[in-house]
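Engineer: Handing you a structure now.
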Amino acid sequence: MDRQNCKKCASKNCNCNRALGCKGNTGPTGATGPTGDTGPTGATGATGPTGDTGPTGATGATGPTGDTGPTGATGPTGDTGPTGATGNTGPTGATGPAFTEGFSAFKTSLVTNTSTVIPSWTVTAPYYTTGGFNPTTGVFTVPVTGRYSFAATLNYSTTAVISLSLGSGINPAFYMRRNSSANVIGGLFPLLNVSIALLTLRAILGNGTVTLAGDLLLNAGDTIDLYYEANGLTIGLNLGGVNAAGMVWSCHRIA
């Protein structure tokens, strides 16, 4: 139903209270009052999406060095590197002392069937002697206390055919003797010692060589001679052997 205009305000949509009469039209809005106190903060909203990464900032100052960490395990050994260049040769050392004490002597032959010192040696070139050796007696007198090296090559041959077997206690030999008594270097004659059916034989070889060699610490005044020890052998021997093989005896000081 069409509503009638209000008789008081001439409006169809007035808010007049008919009992109280018409209120009239709403006047203009007054000035805004002061802002009230801020209410409590509301709940945090959901996190928004992450924005784009910004540009890298400038490098900051280096911080202090930290403490050294523990030593790690030793790694495997690497390959051997190339050999380095050879260093310079060092200076030559001082020349050692020149020892002149000694001799080298030769003897062609000496026929004997008993023990004996071997005398009468030749010391002409290429052999030689010094003051300590007497080639006539075959005795070397030590001129200076020290170490001496001796050597002898002694060939021999029998002067007759061997017809008897040697006893077990017969062992002929050559010796270098100190002060005519102590055997200091020795060498036995080679022996053939056979015991088979119908044959027992113990005899020196018809030709042979005995070699002596050794170093001795000697005092000044000691004597050394070269001695044939028959030791019960009565067969005649040519000390020096056949064909002028001879005997050579030598000595030199080494310290």
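Every chain in the structure tokens has a letter given in the order shown (A, B, ...), and although residue numbers restart at 1 in each chain, ligands are simply numbered from 1 in the order shown.
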If we count only C-alpha atoms, what is near range 229-241 of chain A at a cut-off of 9 Å, once residues fewer than 2 positions away on the same chain are taken out, given as a short mmCIF file (atom, residue, chain, number, x, y, z; two decimals) with all heavy atoms, in the first residue's frame?
Structural biologist:
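What follows is the written file result.cif:
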```
data_model
loop_
_atom_site.label_atom_id
_atom_site.label_comp_id
_atom_site.auth_asym_id
_atom_site.auth_seq_id
_atom_site.Cartn_x
_atom_site.Cartn_y
_atom_site.Cartn_z
N LYS A 107 163.39 -66.63 -2.45
CA LYS A 107 164.39 -67.68 -2.30
C LYS A 107 164.07 -68.79 -3.29
O LYS A 107 162.94 -69.28 -3.36
CB LYS A 107 164.41 -68.24 -0.88
CG LYS A 107 165.52 -69.26 -0.64
CD LYS A 107 165.61 -69.63 0.81
CE LYS A 107 166.76 -70.62 1.05
NZ LYS A 107 168.09 -70.04 0.72
N THR A 108 165.08 -69.21 -4.04
CA THR A 108 164.86 -70.21 -5.07
C THR A 108 164.72 -71.61 -4.47
O THR A 108 163.79 -72.36 -4.82
CB THR A 108 166.03 -70.22 -6.07
OG1 THR A 108 166.17 -68.92 -6.63
CG2 THR A 108 165.80 -71.23 -7.18
N SER A 109 165.62 -71.99 -3.55
CA SER A 109 165.61 -73.38 -3.10
C SER A 109 166.36 -73.54 -1.78
O SER A 109 167.31 -72.80 -1.51
CB SER A 109 166.27 -74.27 -4.17
OG SER A 109 166.37 -75.61 -3.73
N LEU A 110 165.89 -74.49 -1.00
CA LEU A 110 166.60 -74.93 0.21
C LEU A 110 166.28 -76.40 0.42
O LEU A 110 165.13 -76.77 0.65
CB LEU A 110 166.18 -74.13 1.44
CG LEU A 110 166.73 -74.63 2.78
CD1 LEU A 110 168.27 -74.49 2.80
CD2 LEU A 110 166.11 -73.90 3.94
N VAL A 111 167.31 -77.27 0.32
CA VAL A 111 167.11 -78.71 0.52
C VAL A 111 167.39 -79.04 1.97
O VAL A 111 168.45 -78.71 2.51
CB VAL A 111 168.03 -79.53 -0.41
CG1 VAL A 111 167.86 -81.02 -0.12
CG2 VAL A 111 167.72 -79.22 -1.87
N THR A 112 166.41 -79.70 2.63
CA THR A 112 166.57 -80.05 4.03
C THR A 112 165.69 -81.25 4.37
O THR A 112 164.71 -81.54 3.68
CB THR A 112 166.18 -78.86 4.93
OG1 THR A 112 166.42 -79.21 6.30
CG2 THR A 112 164.72 -78.50 4.75
N ASN A 113 166.07 -81.96 5.43
CA ASN A 113 165.21 -83.02 5.97
C ASN A 113 165.00 -82.85 7.47
O ASN A 113 164.55 -83.76 8.16
CB ASN A 113 165.79 -84.41 5.67
CG ASN A 113 167.17 -84.59 6.26
OD1 ASN A 113 167.69 -83.69 6.94
ND2 ASN A 113 167.78 -85.74 6.01
N THR A 114 165.32 -81.64 7.97
CA THR A 114 165.11 -81.34 9.39
C THR A 114 164.50 -79.94 9.53
O THR A 114 164.52 -79.12 8.60
CB THR A 114 166.44 -81.37 10.16
OG1 THR A 114 167.34 -80.39 9.61
CG2 THR A 114 167.09 -82.74 10.10
N SER A 115 164.01 -79.68 10.71
CA SER A 115 163.43 -78.36 10.99
C SER A 115 164.51 -77.29 10.88
O SER A 115 165.66 -77.49 11.30
CB SER A 115 162.82 -78.34 12.39
OG SER A 115 161.81 -79.31 12.51
N THR A 116 164.13 -76.09 10.34
CA THR A 116 165.13 -75.04 10.16
C THR A 116 164.47 -73.69 9.89
O THR A 116 163.38 -73.61 9.32
CB THR A 116 166.06 -75.38 8.97
OG1 THR A 116 167.04 -74.35 8.87
CG2 THR A 116 165.29 -75.47 7.68
N VAL A 117 165.18 -72.64 10.33
CA VAL A 117 164.84 -71.30 9.88
C VAL A 117 165.30 -71.18 8.43
O VAL A 117 166.37 -71.67 8.07
CB VAL A 117 165.53 -70.22 10.75
CG1 VAL A 117 165.31 -68.83 10.17
CG2 VAL A 117 165.03 -70.30 12.17
N ILE A 118 164.49 -70.52 7.59
CA ILE A 118 164.85 -70.41 6.17
C ILE A 118 165.70 -69.14 5.99
O ILE A 118 165.19 -68.02 6.14
CB ILE A 118 163.60 -70.37 5.29
CG1 ILE A 118 162.74 -71.62 5.55
CG2 ILE A 118 163.97 -70.26 3.82
CD1 ILE A 118 161.41 -71.63 4.84
N LEU A 154 154.94 -70.53 -0.28
CA LEU A 154 156.03 -71.47 -0.06
C LEU A 154 155.78 -72.75 -0.86
O LEU A 154 154.96 -73.59 -0.48
CB LEU A 154 156.15 -71.79 1.44
CG LEU A 154 156.27 -70.54 2.35
CD1 LEU A 154 156.08 -70.93 3.80
CD2 LEU A 154 157.63 -69.88 2.14
N ASN A 155 156.48 -72.88 -1.96
CA ASN A 155 156.41 -74.10 -2.77
C ASN A 155 157.42 -75.12 -2.23
O ASN A 155 158.43 -74.76 -1.62
CB ASN A 155 156.73 -73.79 -4.23
CG ASN A 155 155.70 -72.87 -4.85
OD1 ASN A 155 154.54 -73.23 -4.97
ND2 ASN A 155 156.13 -71.66 -5.23
N TYR A 156 157.12 -76.40 -2.45
CA TYR A 156 158.07 -77.45 -2.05
C TYR A 156 157.88 -78.65 -2.96
O TYR A 156 156.85 -78.79 -3.65
CB TYR A 156 157.84 -77.87 -0.58
CG TYR A 156 156.64 -78.78 -0.43
CD1 TYR A 156 156.80 -80.17 -0.50
CD2 TYR A 156 155.36 -78.27 -0.28
CE1 TYR A 156 155.71 -81.01 -0.40
CE2 TYR A 156 154.27 -79.10 -0.18
CZ TYR A 156 154.44 -80.48 -0.24
OH TYR A 156 153.35 -81.30 -0.17
N SER A 157 158.86 -79.53 -2.96
CA SER A 157 158.74 -80.84 -3.62
C SER A 157 159.62 -81.83 -2.85
O SER A 157 160.60 -81.44 -2.20
CB SER A 157 159.18 -80.77 -5.09
OG SER A 157 160.52 -80.37 -5.19
N THR A 158 159.27 -83.10 -2.90
CA THR A 158 160.08 -84.12 -2.23
C THR A 158 161.29 -84.44 -3.10
O THR A 158 161.25 -84.35 -4.33
CB THR A 158 159.26 -85.39 -1.99
OG1 THR A 158 158.78 -85.89 -3.24
CG2 THR A 158 158.07 -85.10 -1.07
N THR A 159 162.40 -84.82 -2.45
CA THR A 159 163.63 -85.16 -3.20
C THR A 159 163.72 -86.64 -3.51
O THR A 159 164.65 -87.07 -4.20
CB THR A 159 164.87 -84.73 -2.38
OG1 THR A 159 164.84 -85.41 -1.12
CG2 THR A 159 164.88 -83.23 -2.17
N ALA A 160 162.77 -87.44 -2.99
CA ALA A 160 162.78 -88.88 -3.26
C ALA A 160 161.34 -89.38 -3.23
O ALA A 160 160.43 -88.71 -2.69
CB ALA A 160 163.62 -89.61 -2.22
N VAL A 161 161.15 -90.56 -3.80
CA VAL A 161 159.82 -91.17 -3.78
C VAL A 161 159.47 -91.58 -2.36
O VAL A 161 160.30 -92.13 -1.62
CB VAL A 161 159.79 -92.41 -4.71
CG1 VAL A 161 158.44 -93.11 -4.61
CG2 VAL A 161 160.08 -92.00 -6.15
N ILE A 162 158.25 -91.31 -1.95
CA ILE A 162 157.81 -91.67 -0.60
C ILE A 162 157.52 -93.17 -0.56
O ILE A 162 156.72 -93.68 -1.36
CB ILE A 162 156.55 -90.87 -0.23
CG1 ILE A 162 156.88 -89.37 -0.21
CG2 ILE A 162 156.00 -91.30 1.12
CD1 ILE A 162 155.67 -88.48 -0.04
N LEU A 166 153.28 -92.08 6.81
CA LEU A 166 153.58 -91.27 7.99
C LEU A 166 152.76 -91.72 9.19
O LEU A 166 151.62 -92.18 9.04
CB LEU A 166 153.28 -89.79 7.70
CG LEU A 166 154.07 -89.11 6.58
CD1 LEU A 166 153.61 -87.67 6.43
CD2 LEU A 166 155.56 -89.18 6.86
N GLY A 167 153.32 -91.57 10.36
CA GLY A 167 152.54 -91.82 11.57
C GLY A 167 151.48 -90.75 11.76
O GLY A 167 151.56 -89.64 11.21
N GLY A 169 150.87 -88.82 14.14
CA GLY A 169 151.28 -87.61 14.84
C GLY A 169 152.22 -86.72 14.06
O GLY A 169 152.67 -85.69 14.57
N ILE A 170 152.56 -87.10 12.82
CA ILE A 170 153.50 -86.31 12.02
C ILE A 170 152.71 -85.35 11.13
O ILE A 170 151.94 -85.77 10.27
CB ILE A 170 154.40 -87.23 11.17
CG1 ILE A 170 155.25 -88.11 12.09
CG2 ILE A 170 155.28 -86.41 10.24
CD1 ILE A 170 156.11 -89.11 11.33
N ASN A 171 152.93 -84.06 11.36
CA ASN A 171 152.21 -83.03 10.60
C ASN A 171 153.17 -81.88 10.30
O ASN A 171 153.23 -80.88 11.03
CB ASN A 171 151.01 -82.50 11.39
CG ASN A 171 149.94 -83.55 11.59
OD1 ASN A 171 149.24 -83.93 10.65
ND2 ASN A 171 149.83 -84.06 12.82
N PRO A 172 153.97 -81.99 9.25
CA PRO A 172 154.93 -80.93 8.92
C PRO A 172 154.20 -79.64 8.55
O PRO A 172 153.07 -79.66 8.05
CB PRO A 172 155.70 -81.51 7.73
CG PRO A 172 154.77 -82.52 7.14
CD PRO A 172 154.00 -83.10 8.27
N ALA A 173 154.88 -78.50 8.80
CA ALA A 173 154.23 -77.21 8.58
C ALA A 173 155.28 -76.13 8.42
O ALA A 173 156.46 -76.31 8.74
CB ALA A 173 153.31 -76.87 9.76
N PHE A 174 154.83 -74.97 7.90
CA PHE A 174 155.62 -73.75 7.92
C PHE A 174 155.01 -72.82 8.95
O PHE A 174 153.78 -72.74 9.11
CB PHE A 174 155.59 -73.06 6.55
CG PHE A 174 156.38 -73.75 5.48
CD1 PHE A 174 155.74 -74.43 4.45
CD2 PHE A 174 157.76 -73.72 5.49
CE1 PHE A 174 156.46 -75.06 3.45
CE2 PHE A 174 158.50 -74.35 4.49
CZ PHE A 174 157.84 -75.02 3.47
N TYR A 175 155.86 -72.09 9.66
CA TYR A 175 155.40 -71.13 10.66
C TYR A 175 156.16 -69.82 10.55
O TYR A 175 157.36 -69.80 10.21
CB TYR A 175 155.60 -71.67 12.08
CG TYR A 175 154.72 -72.84 12.44
CD1 TYR A 175 155.26 -74.14 12.45
CD2 TYR A 175 153.38 -72.67 12.76
CE1 TYR A 175 154.48 -75.22 12.78
CE2 TYR A 175 152.59 -73.76 13.09
CZ TYR A 175 153.13 -75.03 13.09
OH TYR A 175 152.35 -76.12 13.40
N ASN A 207 154.50 -82.71 -4.70
CA ASN A 207 154.66 -81.27 -4.92
C ASN A 207 153.51 -80.56 -4.21
O ASN A 207 152.38 -81.09 -4.15
CB ASN A 207 154.59 -80.91 -6.41
CG ASN A 207 155.82 -81.33 -7.17
OD1 ASN A 207 156.93 -81.30 -6.63
ND2 ASN A 207 155.64 -81.74 -8.42
N GLY A 208 153.75 -79.39 -3.70
CA GLY A 208 152.68 -78.66 -3.04
C GLY A 208 153.06 -77.22 -2.76
O GLY A 208 154.20 -76.80 -2.96
N THR A 209 152.05 -76.48 -2.30
CA THR A 209 152.25 -75.07 -1.93
C THR A 209 151.55 -74.79 -0.62
O THR A 209 150.40 -75.21 -0.42
CB THR A 209 151.68 -74.12 -3.02
OG1 THR A 209 152.32 -74.40 -4.26
CG2 THR A 209 151.91 -72.67 -2.64
N TYR A 227 159.91 -70.38 9.48
CA TYR A 227 160.47 -71.62 10.01
C TYR A 227 159.77 -72.84 9.40
O TYR A 227 158.53 -72.88 9.31
CB TYR A 227 160.27 -71.62 11.53
CG TYR A 227 160.95 -72.75 12.27
CD1 TYR A 227 162.32 -72.74 12.47
CD2 TYR A 227 160.20 -73.80 12.80
CE1 TYR A 227 162.95 -73.77 13.18
CE2 TYR A 227 160.81 -74.83 13.50
CZ TYR A 227 162.19 -74.81 13.69
OH TYR A 227 162.81 -75.82 14.38
N ASN A 243 161.60 -76.45 -10.85
CA ASN A 243 161.43 -75.41 -11.88
C ASN A 243 161.54 -74.01 -11.32
O ASN A 243 160.89 -73.07 -11.82
CB ASN A 243 160.09 -75.58 -12.61
CG ASN A 243 159.97 -76.94 -13.29
OD1 ASN A 243 160.98 -77.51 -13.74
ND2 ASN A 243 158.77 -77.47 -13.37
N ALA A 244 162.32 -73.85 -10.26
CA ALA A 244 162.59 -72.53 -9.67
C ALA A 244 161.30 -71.79 -9.29
O ALA A 244 161.22 -70.57 -9.38
CB ALA A 244 163.43 -71.68 -10.62
N ALA A 245 160.28 -72.56 -8.87
CA ALA A 245 159.04 -71.90 -8.41
C ALA A 245 159.34 -70.98 -7.24
O ALA A 245 158.84 -69.86 -7.14
CB ALA A 245 157.99 -72.94 -8.03
N GLY A 246 160.19 -71.46 -6.34
CA GLY A 246 160.70 -70.62 -5.28
C GLY A 246 159.71 -70.31 -4.18
O GLY A 246 158.59 -70.83 -4.11
N MET A 247 160.14 -69.40 -3.29
CA MET A 247 159.34 -68.95 -2.16
C MET A 247 159.43 -67.42 -2.09
O MET A 247 160.48 -66.83 -2.35
CB MET A 247 159.87 -69.55 -0.85
CG MET A 247 159.78 -71.06 -0.78
SD MET A 247 160.46 -71.74 0.78
CE MET A 247 162.21 -71.52 0.48
#
```
Engineer: Hey, could you make a per-residue contact list for range 190-234 of chain A against range 137-149 of chain A with 7 Å as the cut-off, showing the nearest pair of atoms and its distance in Å to one decimal, counting only C-alpha atoms, sorted by chain and number, as a tab-separated table?
Structural biologist:
```
residue	atom	partner	partner_atom	distance
A:Gly214	CA	A:Ser149	CA	5.9
A:Asp215	CA	A:Ser149	CA	4.2
A:Leu216	CA	A:Tyr148	CA	5.3
A:Leu217	CA	A:Arg147	CA	4.4
A:Leu218	CA	A:Thr145	CA	5.7
A:Asn219	CA	A:Thr145	CA	4.2
A:Ala220	CA	A:Thr145	CA	4.5
A:Gly221	CA	A:Val142	CA	5.2
A:Asp222	CA	A:Val142	CA	5.3
A:Thr223	CA	A:Thr141	CA	4.4
A:Ile224	CA	A:Phe140	CA	5.1
A:Asp225	CA	A:Val139	CA	4.8
```
Engineer: Atoms to include: N, CA, C and O atoms. Write the selected residues as a PDB file, in the first residue's frame.
Structural biologist:
```pdb
ATOM      1  N   GLY A 214     148.739 -63.027   7.468  1.00  0.00           N
ATOM      2  CA  GLY A 214     148.132 -62.554   8.705  1.00  0.00           C
ATOM      3  C   GLY A 214     148.700 -61.205   9.112  1.00  0.00           C
ATOM      4  O   GLY A 214     149.758 -60.782   8.642  1.00  0.00           O
ATOM      5  N   ASP A 215     147.982 -60.518   9.997  1.00  0.00           N
ATOM      6  CA  ASP A 215     148.398 -59.223  10.526  1.00  0.00           C
ATOM      7  C   ASP A 215     148.735 -59.377  12.007  1.00  0.00           C
ATOM      8  O   ASP A 215     148.024 -60.073  12.749  1.00  0.00           O
ATOM      9  N   LEU A 216     149.798 -58.709  12.435  1.00  0.00           N
ATOM     10  CA  LEU A 216     150.264 -58.848  13.812  1.00  0.00           C
ATOM     11  C   LEU A 216     150.523 -57.472  14.413  1.00  0.00           C
ATOM     12  O   LEU A 216     151.013 -56.564  13.733  1.00  0.00           O
ATOM     13  N   LEU A 217     150.200 -57.331  15.708  1.00  0.00           N
ATOM     14  CA  LEU A 217     150.573 -56.149  16.478  1.00  0.00           C
ATOM     15  C   LEU A 217     151.881 -56.465  17.190  1.00  0.00           C
ATOM     16  O   LEU A 217     151.925 -57.336  18.061  1.00  0.00           O
ATOM     17  N   LEU A 218     152.946 -55.760  16.816  1.00  0.00           N
ATOM     18  CA  LEU A 218     154.285 -56.094  17.297  1.00  0.00           C
ATOM     19  C   LEU A 218     154.926 -54.895  17.981  1.00  0.00           C
ATOM     20  O   LEU A 218     154.610 -53.734  17.676  1.00  0.00           O
ATOM     21  N   ASN A 219     155.840 -55.195  18.888  1.00  0.00           N
ATOM     22  CA  ASN A 219     156.596 -54.162  19.589  1.00  0.00           C
ATOM     23  C   ASN A 219     157.963 -53.975  18.944  1.00  0.00           C
ATOM     24  O   ASN A 219     158.529 -54.914  18.372  1.00  0.00           O
ATOM     25  N   ALA A 220     158.474 -52.762  19.045  1.00  0.00           N
ATOM     26  CA  ALA A 220     159.813 -52.511  18.539  1.00  0.00           C
ATOM     27  C   ALA A 220     160.803 -53.478  19.198  1.00  0.00           C
ATOM     28  O   ALA A 220     160.764 -53.687  20.415  1.00  0.00           O
ATOM     29  N   GLY A 221     161.644 -54.105  18.398  1.00  0.00           N
ATOM     30  CA  GLY A 221     162.609 -55.066  18.912  1.00  0.00           C
ATOM     31  C   GLY A 221     162.169 -56.511  18.785  1.00  0.00           C
ATOM     32  O   GLY A 221     163.001 -57.422  18.917  1.00  0.00           O
ATOM     33  N   ASP A 222     160.862 -56.778  18.555  1.00  0.00           N
ATOM     34  CA  ASP A 222     160.425 -58.152  18.299  1.00  0.00           C
ATOM     35  C   ASP A 222     161.091 -58.671  17.028  1.00  0.00           C
ATOM     36  O   ASP A 222     161.411 -57.900  16.106  1.00  0.00           O
ATOM     37  N   THR A 223     161.271 -59.995  16.959  1.00  0.00           N
ATOM     38  CA  THR A 223     161.818 -60.600  15.746  1.00  0.00           C
ATOM     39  C   THR A 223     160.801 -61.582  15.165  1.00  0.00           C
ATOM     40  O   THR A 223     160.048 -62.231  15.895  1.00  0.00           O
ATOM     41  N   ILE A 224     160.795 -61.671  13.839  1.00  0.00           N
ATOM     42  CA  ILE A 224     159.940 -62.614  13.121  1.00  0.00           C
ATOM     43  C   ILE A 224     160.833 -63.389  12.157  1.00  0.00           C
ATOM     44  O   ILE A 224     161.606 -62.794  11.389  1.00  0.00           O
ATOM     45  N   ASP A 225     160.734 -64.733  12.214  1.00  0.00           N
ATOM     46  CA  ASP A 225     161.448 -65.541  11.223  1.00  0.00           C
ATOM     47  C   ASP A 225     160.480 -66.522  10.579  1.00  0.00           C
ATOM     48  O   ASP A 225     159.360 -66.744  11.063  1.00  0.00           O
TER      49      ASP A 225
END
```
Engineer: Pick the closest to Ala105 in chain A from A:Val123, A:Ser168, A:Asn88, A:Arg202: which is it, counting only C-alpha atoms?
Structural biologist: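 Among the listed residues, A:Val123 lies closest to Ala105 in chain A.
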Engineer: Separation of CA of Ile185 in chain A and CA of Thr129 in chain A, in Å?
Structural biologist: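 That distance, rounded to one decimal, is 21.0 Å.
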Engineer: Distance CA of Phe103 in chain A-CA of Arg178 in chain A, one decimal place?
Structural biologist: 16.7 Å
Engineer: Expressed in Å to a single decimal, how great is the separation between CA of Thr122 in chain A and CA of Arg177 in chain A?
Structural biologist: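 It comes out at 20.2 Å.
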Engineer: Name the closest residue to Gly102 in chain A among the candidates A:Ala151, A:Ala182, A:Ile204, A:Ala213; distances are taken between atoms, counting only C-alpha atoms.
Structural biologist: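 Ranking A:Ala151, A:Ala182, A:Ile204, A:Ala213 by distance to Gly102 in chain A, first place goes to A:Ala151.
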Engineer: Can you list every residue in range 29-234 of chain A that DSSP puts in strand (DSSP E), as a ChimeraX atom specification?
Structural biologist: /A:102-107,110-112,116-117,133-134,139-141,146-158,173-178,182-188,191-196,199-204,207-218,223-229
Engineer: Pick the closest to Pro190 in chain A from A:Gly48, A:Gly206, A:Pro34, A:Pro91: which is it, counting only C-alpha atoms?
Structural biologist: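 Result for the nearest residue to Pro190 in chain A: A:Gly206.
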